[in-house]
Structures are given as C-alpha cells and as structure tokens.
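S.K.: So that you have it, the file is start38.cif, and it contains mmCIF, C-alpha atoms:
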```cif
data_coords
loop_
_atom_site.group_PDB
_atom_site.id
_atom_site.type_symbol
_atom_site.label_atom_id
_atom_site.label_comp_id
_atom_site.auth_asym_id
_atom_site.auth_seq_id
_atom_site.Cartn_x
_atom_site.Cartn_y
_atom_site.Cartn_z
ATOM 1 C CA ARG F 1 -173.592 56.157 -102.790
ATOM 2 C CA LYS F 2 -172.101 53.033 -101.237
ATOM 3 C CA GLU F 3 -168.918 53.542 -99.217
ATOM 4 C CA VAL F 4 -167.232 50.452 -100.563
ATOM 5 C CA GLU F 5 -168.150 48.724 -103.807
ATOM 6 C CA GLN F 6 -167.035 45.319 -104.963
ATOM 7 C CA ASP F 7 -167.857 42.990 -107.806
ATOM 8 C CA PRO F 8 -169.973 40.331 -106.046
ATOM 9 C CA GLY F 9 -168.795 37.544 -108.340
ATOM 10 C CA PRO F 10 -168.916 34.625 -107.974
ATOM 11 C CA PHE F 11 -165.462 33.927 -109.274
ATOM 12 C CA ASN F 12 -165.090 30.230 -110.101
ATOM 13 C CA VAL F 13 -161.451 29.300 -110.685
ATOM 14 C CA PRO F 14 -159.508 26.036 -110.857
ATOM 15 C CA GLU F 15 -156.923 25.158 -108.261
ATOM 16 C CA GLY F 16 -153.618 26.816 -109.006
ATOM 17 C CA ALA F 17 -155.125 29.772 -110.812
ATOM 18 C CA THR F 18 -154.397 33.404 -110.077
ATOM 19 C CA VAL F 19 -157.410 35.561 -109.298
ATOM 20 C CA ALA F 20 -157.746 39.285 -108.684
ATOM 21 C CA PHE F 21 -160.451 41.187 -106.843
ATOM 22 C CA ASN F 22 -161.043 44.899 -107.070
ATOM 23 C CA CYS F 23 -162.788 47.367 -104.870
ATOM 24 C CA THR F 24 -163.473 51.109 -104.899
ATOM 25 C CA TYR F 25 -164.202 53.374 -101.967
ATOM 26 C CA SER F 26 -165.980 56.714 -101.918
ATOM 27 C CA ASN F 27 -164.622 58.440 -98.808
ATOM 28 C CA SER F 28 -161.306 60.060 -99.690
ATOM 29 C CA ALA F 29 -160.736 60.742 -95.977
ATOM 30 C CA SER F 30 -160.494 57.016 -95.186
ATOM 31 C CA GLN F 31 -157.104 56.287 -93.719
ATOM 32 C CA SER F 32 -156.882 52.537 -93.452
ATOM 33 C CA PHE F 33 -157.960 49.664 -95.629
ATOM 34 C CA PHE F 34 -158.228 45.948 -95.126
ATOM 35 C CA TRP F 35 -159.231 42.716 -96.755
ATOM 36 C CA TYR F 36 -161.286 40.433 -94.546
ATOM 37 C CA ARG F 37 -162.310 36.895 -95.343
ATOM 38 C CA GLN F 38 -165.711 35.480 -94.452
ATOM 39 C CA ASP F 39 -166.595 31.823 -94.723
ATOM 40 C CA CYS F 40 -170.234 30.880 -95.205
ATOM 41 C CA ARG F 41 -172.292 31.936 -92.148
ATOM 42 C CA LYS F 42 -169.139 32.641 -90.147
ATOM 43 C CA GLU F 43 -167.588 35.776 -88.727
ATOM 44 C CA PRO F 44 -165.280 38.028 -90.771
ATOM 45 C CA LYS F 45 -161.579 37.520 -90.142
ATOM 46 C CA LEU F 46 -158.767 39.852 -91.078
ATOM 47 C CA LEU F 47 -156.805 38.612 -94.073
ATOM 48 C CA MET F 48 -154.452 41.543 -94.470
ATOM 49 C CA SER F 49 -154.099 45.282 -94.187
ATOM 50 C CA VAL F 50 -153.572 47.290 -97.371
ATOM 51 C CA TYR F 51 -150.850 49.889 -97.763
ATOM 52 C CA SER F 52 -150.084 52.360 -100.544
ATOM 53 C CA SER F 53 -146.732 50.720 -101.101
ATOM 54 C CA GLY F 54 -148.431 47.386 -101.629
ATOM 55 C CA ASN F 55 -147.949 44.441 -99.356
ATOM 56 C CA GLU F 56 -147.571 40.738 -99.775
ATOM 57 C CA ASP F 57 -148.329 37.862 -97.441
ATOM 58 C CA GLY F 58 -147.452 34.555 -98.993
ATOM 59 C CA ARG F 59 -149.748 33.983 -101.955
ATOM 60 C CA PHE F 60 -151.718 37.165 -101.264
ATOM 61 C CA THR F 61 -150.837 40.631 -102.521
ATOM 62 C CA ALA F 62 -152.826 43.754 -101.713
ATOM 63 C CA GLN F 63 -152.513 47.136 -103.345
ATOM 64 C CA LEU F 64 -153.985 50.568 -102.660
ATOM 65 C CA ASN F 65 -154.265 53.400 -105.169
ATOM 66 C CA ARG F 66 -155.360 56.505 -103.275
ATOM 67 C CA ALA F 67 -155.597 58.675 -106.389
ATOM 68 C CA SER F 68 -158.138 56.317 -107.941
ATOM 69 C CA GLN F 69 -159.632 55.249 -104.584
ATOM 70 C CA TYR F 70 -159.092 51.683 -105.655
ATOM 71 C CA ILE F 71 -157.989 48.594 -103.731
ATOM 72 C CA SER F 72 -157.010 45.215 -105.110
ATOM 73 C CA LEU F 73 -156.291 41.734 -103.846
ATOM 74 C CA LEU F 74 -154.363 39.169 -105.856
ATOM 75 C CA ILE F 75 -154.369 35.501 -104.905
ATOM 76 C CA ARG F 76 -151.765 33.322 -106.589
ATOM 77 C CA ASP F 77 -151.782 29.524 -106.785
ATOM 78 C CA SER F 78 -155.363 29.261 -105.508
ATOM 79 C CA LYS F 79 -156.142 26.497 -103.022
ATOM 80 C CA LEU F 80 -159.476 24.807 -102.395
ATOM 81 C CA SER F 81 -159.347 26.330 -98.910
ATOM 82 C CA ASP F 82 -159.325 29.845 -100.406
ATOM 83 C CA SER F 83 -163.008 29.419 -101.260
ATOM 84 C CA ALA F 84 -164.777 32.139 -99.268
ATOM 85 C CA THR F 85 -166.163 35.645 -99.557
ATOM 86 C CA TYR F 86 -163.558 38.393 -99.557
ATOM 87 C CA LEU F 87 -164.626 41.654 -97.953
ATOM 88 C CA CYS F 88 -163.040 44.962 -98.876
ATOM 89 C CA VAL F 89 -163.017 47.285 -95.870
ATOM 90 C CA SER F 90 -162.292 50.977 -95.419
ATOM 91 C CA SER F 91 -162.018 52.798 -92.130
ATOM 92 C CA GLY F 92 -163.939 55.766 -90.846
ATOM 93 C CA TYR F 93 -165.100 56.041 -87.262
ATOM 94 C CA ALA F 94 -165.964 52.385 -87.816
ATOM 95 C CA LEU F 95 -165.050 49.812 -90.407
ATOM 96 C CA ASN F 96 -167.080 50.075 -93.621
ATOM 97 C CA PHE F 97 -167.510 46.720 -95.269
ATOM 98 C CA GLY F 98 -168.160 46.032 -98.903
ATOM 99 C CA LYS F 99 -170.718 43.402 -99.732
ATOM 100 C CA GLY F 100 -167.966 40.957 -100.615
ATOM 101 C CA THR F 101 -166.709 39.018 -103.596
ATOM 102 C CA SER F 102 -167.405 35.315 -103.608
ATOM 103 C CA LEU F 103 -164.608 32.962 -104.659
ATOM 104 C CA LEU F 104 -165.011 29.266 -105.399
ATOM 105 C CA VAL F 105 -161.859 27.298 -106.128
ATOM 106 C CA THR F 106 -162.584 23.994 -107.825
ATOM 107 C CA PRO F 107 -160.436 20.863 -108.123
ATOM 108 C CA GLU U 108 -155.773 31.839 -78.440
ATOM 109 C CA PRO U 109 -158.045 34.449 -76.863
ATOM 110 C CA GLU U 110 -161.360 34.886 -78.620
ATOM 111 C CA VAL U 111 -164.582 36.849 -78.498
ATOM 112 C CA THR U 112 -167.474 34.682 -77.358
ATOM 113 C CA GLN U 113 -171.140 35.339 -78.010
ATOM 114 C CA THR U 114 -174.351 33.860 -76.639
ATOM 115 C CA PRO U 115 -176.802 32.673 -77.715
ATOM 116 C CA SER U 116 -175.669 31.317 -81.041
ATOM 117 C CA HIS U 117 -179.246 31.403 -82.287
ATOM 118 C CA GLN U 118 -182.367 33.005 -80.863
ATOM 119 C CA VAL U 119 -185.889 32.877 -82.214
ATOM 120 C CA THR U 120 -188.314 35.449 -80.877
ATOM 121 C CA GLN U 121 -191.729 36.888 -81.558
ATOM 122 C CA MET U 122 -192.093 40.387 -82.976
ATOM 123 C CA GLY U 123 -192.347 42.934 -80.187
ATOM 124 C CA GLN U 124 -190.327 40.921 -77.690
ATOM 125 C CA GLU U 125 -187.137 42.130 -76.026
ATOM 126 C CA VAL U 126 -183.886 40.385 -76.866
ATOM 127 C CA ILE U 127 -180.505 40.580 -75.164
ATOM 128 C CA LEU U 128 -177.432 39.357 -76.988
ATOM 129 C CA ARG U 129 -174.346 38.772 -74.908
ATOM 130 C CA CYS U 130 -170.667 39.038 -75.704
ATOM 131 C CA VAL U 131 -167.464 38.504 -73.801
ATOM 132 C CA PRO U 132 -164.730 40.503 -75.549
ATOM 133 C CA ILE U 133 -161.064 39.606 -75.380
ATOM 134 C CA SER U 134 -159.942 40.520 -71.872
ATOM 135 C CA ASN U 135 -157.296 43.159 -72.540
ATOM 136 C CA HIS U 136 -159.188 44.874 -75.338
ATOM 137 C CA LEU U 137 -160.523 48.380 -74.850
ATOM 138 C CA TYR U 138 -162.885 48.964 -77.777
ATOM 139 C CA PHE U 139 -166.063 47.015 -78.322
ATOM 140 C CA TYR U 140 -168.424 46.929 -81.277
ATOM 141 C CA TRP U 141 -171.664 45.484 -82.509
ATOM 142 C CA TYR U 142 -172.172 44.847 -86.202
ATOM 143 C CA ARG U 143 -175.017 43.086 -87.931
ATOM 144 C CA GLN U 144 -175.373 41.225 -91.211
ATOM 145 C CA ILE U 145 -178.755 40.607 -92.762
ATOM 146 C CA LEU U 146 -178.704 37.411 -94.816
ATOM 147 C CA GLY U 147 -177.081 38.072 -98.184
ATOM 148 C CA GLN U 148 -176.177 41.637 -97.279
ATOM 149 C CA LYS U 149 -173.030 43.383 -96.129
ATOM 150 C CA VAL U 150 -171.721 43.634 -92.593
ATOM 151 C CA GLU U 151 -173.111 46.878 -91.103
ATOM 152 C CA PHE U 152 -171.807 48.893 -88.175
ATOM 153 C CA LEU U 153 -174.208 49.449 -85.285
ATOM 154 C CA VAL U 154 -172.263 50.911 -82.380
ATOM 155 C CA SER U 155 -168.843 51.278 -80.816
ATOM 156 C CA PHE U 156 -168.164 51.469 -77.086
ATOM 157 C CA TYR U 157 -165.136 52.729 -75.199
ATOM 158 C CA ASN U 158 -164.498 53.701 -71.611
ATOM 159 C CA ASN U 159 -168.007 52.657 -70.585
ATOM 160 C CA GLU U 160 -169.834 54.807 -73.072
ATOM 161 C CA ILE U 161 -170.956 54.813 -76.670
ATOM 162 C CA SER U 162 -168.323 56.440 -78.856
ATOM 163 C CA GLU U 163 -170.104 56.174 -82.215
ATOM 164 C CA LYS U 164 -173.368 54.794 -83.514
ATOM 165 C CA SER U 165 -174.958 54.398 -86.919
ATOM 166 C CA GLU U 166 -178.427 55.415 -88.053
ATOM 167 C CA ILE U 167 -179.474 51.793 -87.622
ATOM 168 C CA PHE U 168 -178.850 52.063 -83.881
ATOM 169 C CA ASP U 169 -182.086 53.835 -82.976
ATOM 170 C CA ASP U 170 -183.920 54.094 -79.651
ATOM 171 C CA GLN U 171 -184.866 50.418 -79.820
ATOM 172 C CA PHE U 172 -181.223 49.458 -79.319
ATOM 173 C CA SER U 173 -179.028 49.851 -76.274
ATOM 174 C CA VAL U 174 -175.665 48.531 -75.143
ATOM 175 C CA GLU U 175 -174.270 47.918 -71.735
ATOM 176 C CA ARG U 176 -171.147 46.663 -70.063
ATOM 177 C CA PRO U 177 -172.712 45.562 -66.781
ATOM 178 C CA ASP U 178 -169.528 44.106 -65.319
ATOM 179 C CA GLY U 179 -165.890 43.823 -66.258
ATOM 180 C CA SER U 180 -166.385 41.136 -68.852
ATOM 181 C CA ASN U 181 -169.791 41.167 -70.546
ATOM 182 C CA PHE U 182 -170.905 43.511 -73.313
ATOM 183 C CA THR U 183 -174.580 43.277 -74.201
ATOM 184 C CA LEU U 184 -176.834 44.458 -76.996
ATOM 185 C CA LYS U 185 -180.497 44.870 -76.142
ATOM 186 C CA ILE U 186 -183.286 45.256 -78.674
ATOM 187 C CA ARG U 187 -186.370 46.472 -76.809
ATOM 188 C CA SER U 188 -189.167 45.606 -79.200
ATOM 189 C CA THR U 189 -187.995 43.446 -82.054
ATOM 190 C CA LYS U 190 -189.238 43.924 -85.607
ATOM 191 C CA LEU U 191 -189.176 41.455 -88.470
ATOM 192 C CA GLU U 192 -186.390 43.454 -90.107
ATOM 193 C CA ASP U 193 -184.169 42.942 -87.051
ATOM 194 C CA SER U 194 -183.645 39.351 -88.190
ATOM 195 C CA ALA U 195 -179.911 39.142 -88.864
ATOM 196 C CA MET U 196 -176.600 37.792 -87.623
ATOM 197 C CA TYR U 197 -175.269 40.074 -84.905
ATOM 198 C CA PHE U 198 -171.493 40.127 -84.510
ATOM 199 C CA CYS U 199 -169.683 41.451 -81.483
ATOM 200 C CA ALA U 200 -166.100 42.576 -82.005
ATOM 201 C CA SER U 201 -163.314 43.929 -79.868
ATOM 202 C CA SER U 202 -160.031 45.649 -80.497
ATOM 203 C CA PRO U 203 -157.080 46.653 -78.342
ATOM 204 C CA ILE U 204 -156.875 49.968 -80.179
ATOM 205 C CA LEU U 205 -159.238 52.115 -82.205
ATOM 206 C CA GLY U 206 -160.679 50.052 -85.025
ATOM 207 C CA ASP U 207 -159.548 52.102 -87.973
ATOM 208 C CA THR U 208 -155.905 51.460 -87.256
ATOM 209 C CA GLY U 209 -156.114 47.921 -86.068
ATOM 210 C CA GLU U 210 -157.668 44.552 -86.475
ATOM 211 C CA LEU U 211 -161.152 43.827 -85.178
ATOM 212 C CA PHE U 212 -161.643 40.434 -83.602
ATOM 213 C CA PHE U 213 -165.136 39.154 -84.241
ATOM 214 C CA GLY U 214 -167.166 36.637 -82.301
ATOM 215 C CA GLU U 215 -168.934 33.824 -84.123
ATOM 216 C CA GLY U 216 -172.177 35.769 -84.085
ATOM 217 C CA SER U 217 -175.674 35.444 -82.695
ATOM 218 C CA ARG U 218 -178.327 34.672 -85.272
ATOM 219 C CA LEU U 219 -181.594 36.419 -84.430
ATOM 220 C CA THR U 220 -184.795 35.309 -86.097
ATOM 221 C CA VAL U 221 -187.872 37.452 -85.488
ATOM 222 C CA LEU U 222 -191.203 35.832 -86.343
#
```
Written as structure tokens, that's how I'd like the structure from this file.

M.R.:
Amino acid sequence: RKEVEQDPGPFNVPEGATVAFNCTYSNSASQSFFWYRQDCRKEPKLLMSVYSSGNEDGRFTAQLNRASQYISLLIRDSKLSDSATYLCVSSGYALNFGKGTSLLVTP
Amino acid sequence: EPEVTQTPSHQVTQMGQEVILRCVPISNHLYFYWYRQILGQKVEFLVSFYNNEISEKSEIFDDQFSVERPDGSNFTLKIRSTKLEDSAMYFCASSPILGDTGELFFGEGSRLTVL
C-alpha cells in the first residue's frame, strides 16, 4: 500500500479559479505533513506545513484530518505561476512523498 | 540566500561504471539526505546522514550505494556499478533539524542517465 496517495490530475483551471487537492496517508503514526511544490524537472520546494487546526498562507489553505488520514490544499484566485505539481508529504524517519497532482492554470 | 548545490547537473554513463554525485549542503545544516526521482515517478528516499554516519536508509539503498562526507562541506553519493534502472534525478537535501519536523532544502538535482 502506498504511504501517500494523491489524484495525479491534471487539473486544468482558468486564472482566478479556486482549486482543491486531496491526499490520503496510510501511516497513522506520521506526525508531520507538508505540501511541496515541484516545477517541471526542478527540485521540490516547501509550500507549507499542514496542521490539524488548518493553516493559511495568502491564497493557500491547508487542512489535516487525522481521523480520516486526509490532507487537503486549497488554492484561491489561481495565478498562471501556480502551474506546477503539488506534492503531498508525510513524515516518518524520512519524508514520504506522494506522486503529485499536476495543476495547469490557463489564461 | 544559502542553497544546496549539486554537481554534475547531468551525467551520462555506461552500465557497470561507477558514478559519484556531489553535494554541498547549506553550511549550518546538520542533517543530509539523498532522494531520487525516476522520470514520471515520485520522489523516493534513499538515505539520511547525521553526525558522520548513516541514520536511516531505504530498501533502494543497497550495497551498490554509499555515502560519504569526506570533508567539512561535501556530501557524496557513490553508485559502484550502475544499472539501467539507476537512471533518475538524484536530489541532495539538507536540514538544520530532523526532517520530519522541519523543512528540507533540496539542491537542483543531478540527472543520471545510464546507457
């Protein structure tokens, strides 16, 4: 069973749209969760950490539901520059990456 | 802004050859990692390194792989006898604290192509 599962997409949305990504994780012992962003053929970069209380960073909101082992990322007012692959990540002795959800924001 | 640097950016090698990928982590970081990403696949953990020794490794990190911190700045990944399936992007990462409670800073990667 995969540690972290995501819908691969792609999600094609127009500029200004709101888009939501979901992710599930299998290891109930995981303590920390993150969303990373990866541009094509580039390195992953941390977008935001995810907390049970939910956290917001500008247009981005992340939420964790430990009971359902479910993580979400909401992007409001999508920009062209948001086009990338979004990686859901859980922690163990190392970071466990999902395969990523591809987002394309179109003009 | 401090960054993790990796060399080479791209290496092409013949199957069976030895390859060394080099990384210079961020200077005040204590934890170092190698991850790999096969084209179209997820980022996979290989090994973590702390206090001059391996702290964790995955099942991918078999006897063909080794890591070293030969001096105070470099962190290397060696593949002794490359196989076709070793073709991937190899990312080095570093962290000031243990990865599961902090951000990992990744280098731009070294693309390895095994022919």

S.K.: Mind giving me the straight-line distance from atom CA of Thr101 of chain F to atom CA of Gln144 of chain U in Å, one decimal?

M.R.: 15.3 Å

S.K.: Name the residues that the PyMOL selection byres ((chain U) within 10 of (chain F)) picks from the file above, as an NGL selection string, using the file's chain letters and numbers.

M.R.: :U and (140 or 142 or 144 or 146-155 or 162-165 or 196-200 or 205-216 or 218)

S.K.: Evaluating the PyMOL selection byres ((chain F and resi 66-70) around 7) on the displayed file yields which residues, as a ChimeraX atom specification?

M.R.: /F:23-25,64-65,71-72

S.K.: Starting from the shown file, work through the PyMOL selection byres ((chain U and resi 109) around 7) and note down what comes out as a PyMOL selection string.

M.R.: chain U and resi 108+110+133

S.K.: I'd like the interatomic distance between atom CA of Ile204 of chain U and atom CA of His117 of chain U, to a tenth of an Å.

M.R.: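 The value is 29.1 Å.
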
S.K.: Which value, in Å to one decimal, gives the distance between atom CA of Val13 of chain F and atom CA of Val105 of chain F?

M.R.: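 Distance between the two atoms: 5.0 Å.
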
S.K.: Show me the residues around (-148.6, 36.6, -100.1) - criterion: an atom at most 12 Å away, all atoms listed in the file counted - as a PyMOL selection string.

M.R.: chain F and resi 18+47-49+54-63+73-78

S.K.: Could you name the residues that touch Thr85 of chain F at 8 Å or less, counting only C-alpha atoms, but leaving out those on the same chain fewer than 5 positions away, as a PDB file with C-alpha atoms, in the coordinates of the input?

M.R.:
```pdb
ATOM      1  CA  ARG F  37    -162.310  36.895 -95.343  1.00  0.00           C
ATOM      2  CA  GLN F  38    -165.711  35.480 -94.452  1.00  0.00           C
ATOM      3  CA  ASP F  39    -166.595  31.823 -94.723  1.00  0.00           C
ATOM      4  CA  CYS F  40    -170.234  30.880 -95.205  1.00  0.00           C
ATOM      5  CA  GLY F 100    -167.966  40.957-100.615  1.00  0.00           C
ATOM      6  CA  THR F 101    -166.709  39.018-103.596  1.00  0.00           C
ATOM      7  CA  SER F 102    -167.405  35.315-103.608  1.00  0.00           C
ATOM      8  CA  LEU F 103    -164.608  32.962-104.659  1.00  0.00           C
TER       9      LEU F 103
END
```

S.K.: Which of these, U:Pro115, U:Gly179, U:Ser217, U:Pro203, has the shortest distance to Trp141 of chain U once you count all atoms listed in the file?

M.R.: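 Selected residue with least distance to Trp141 of chain U: U:Ser217.
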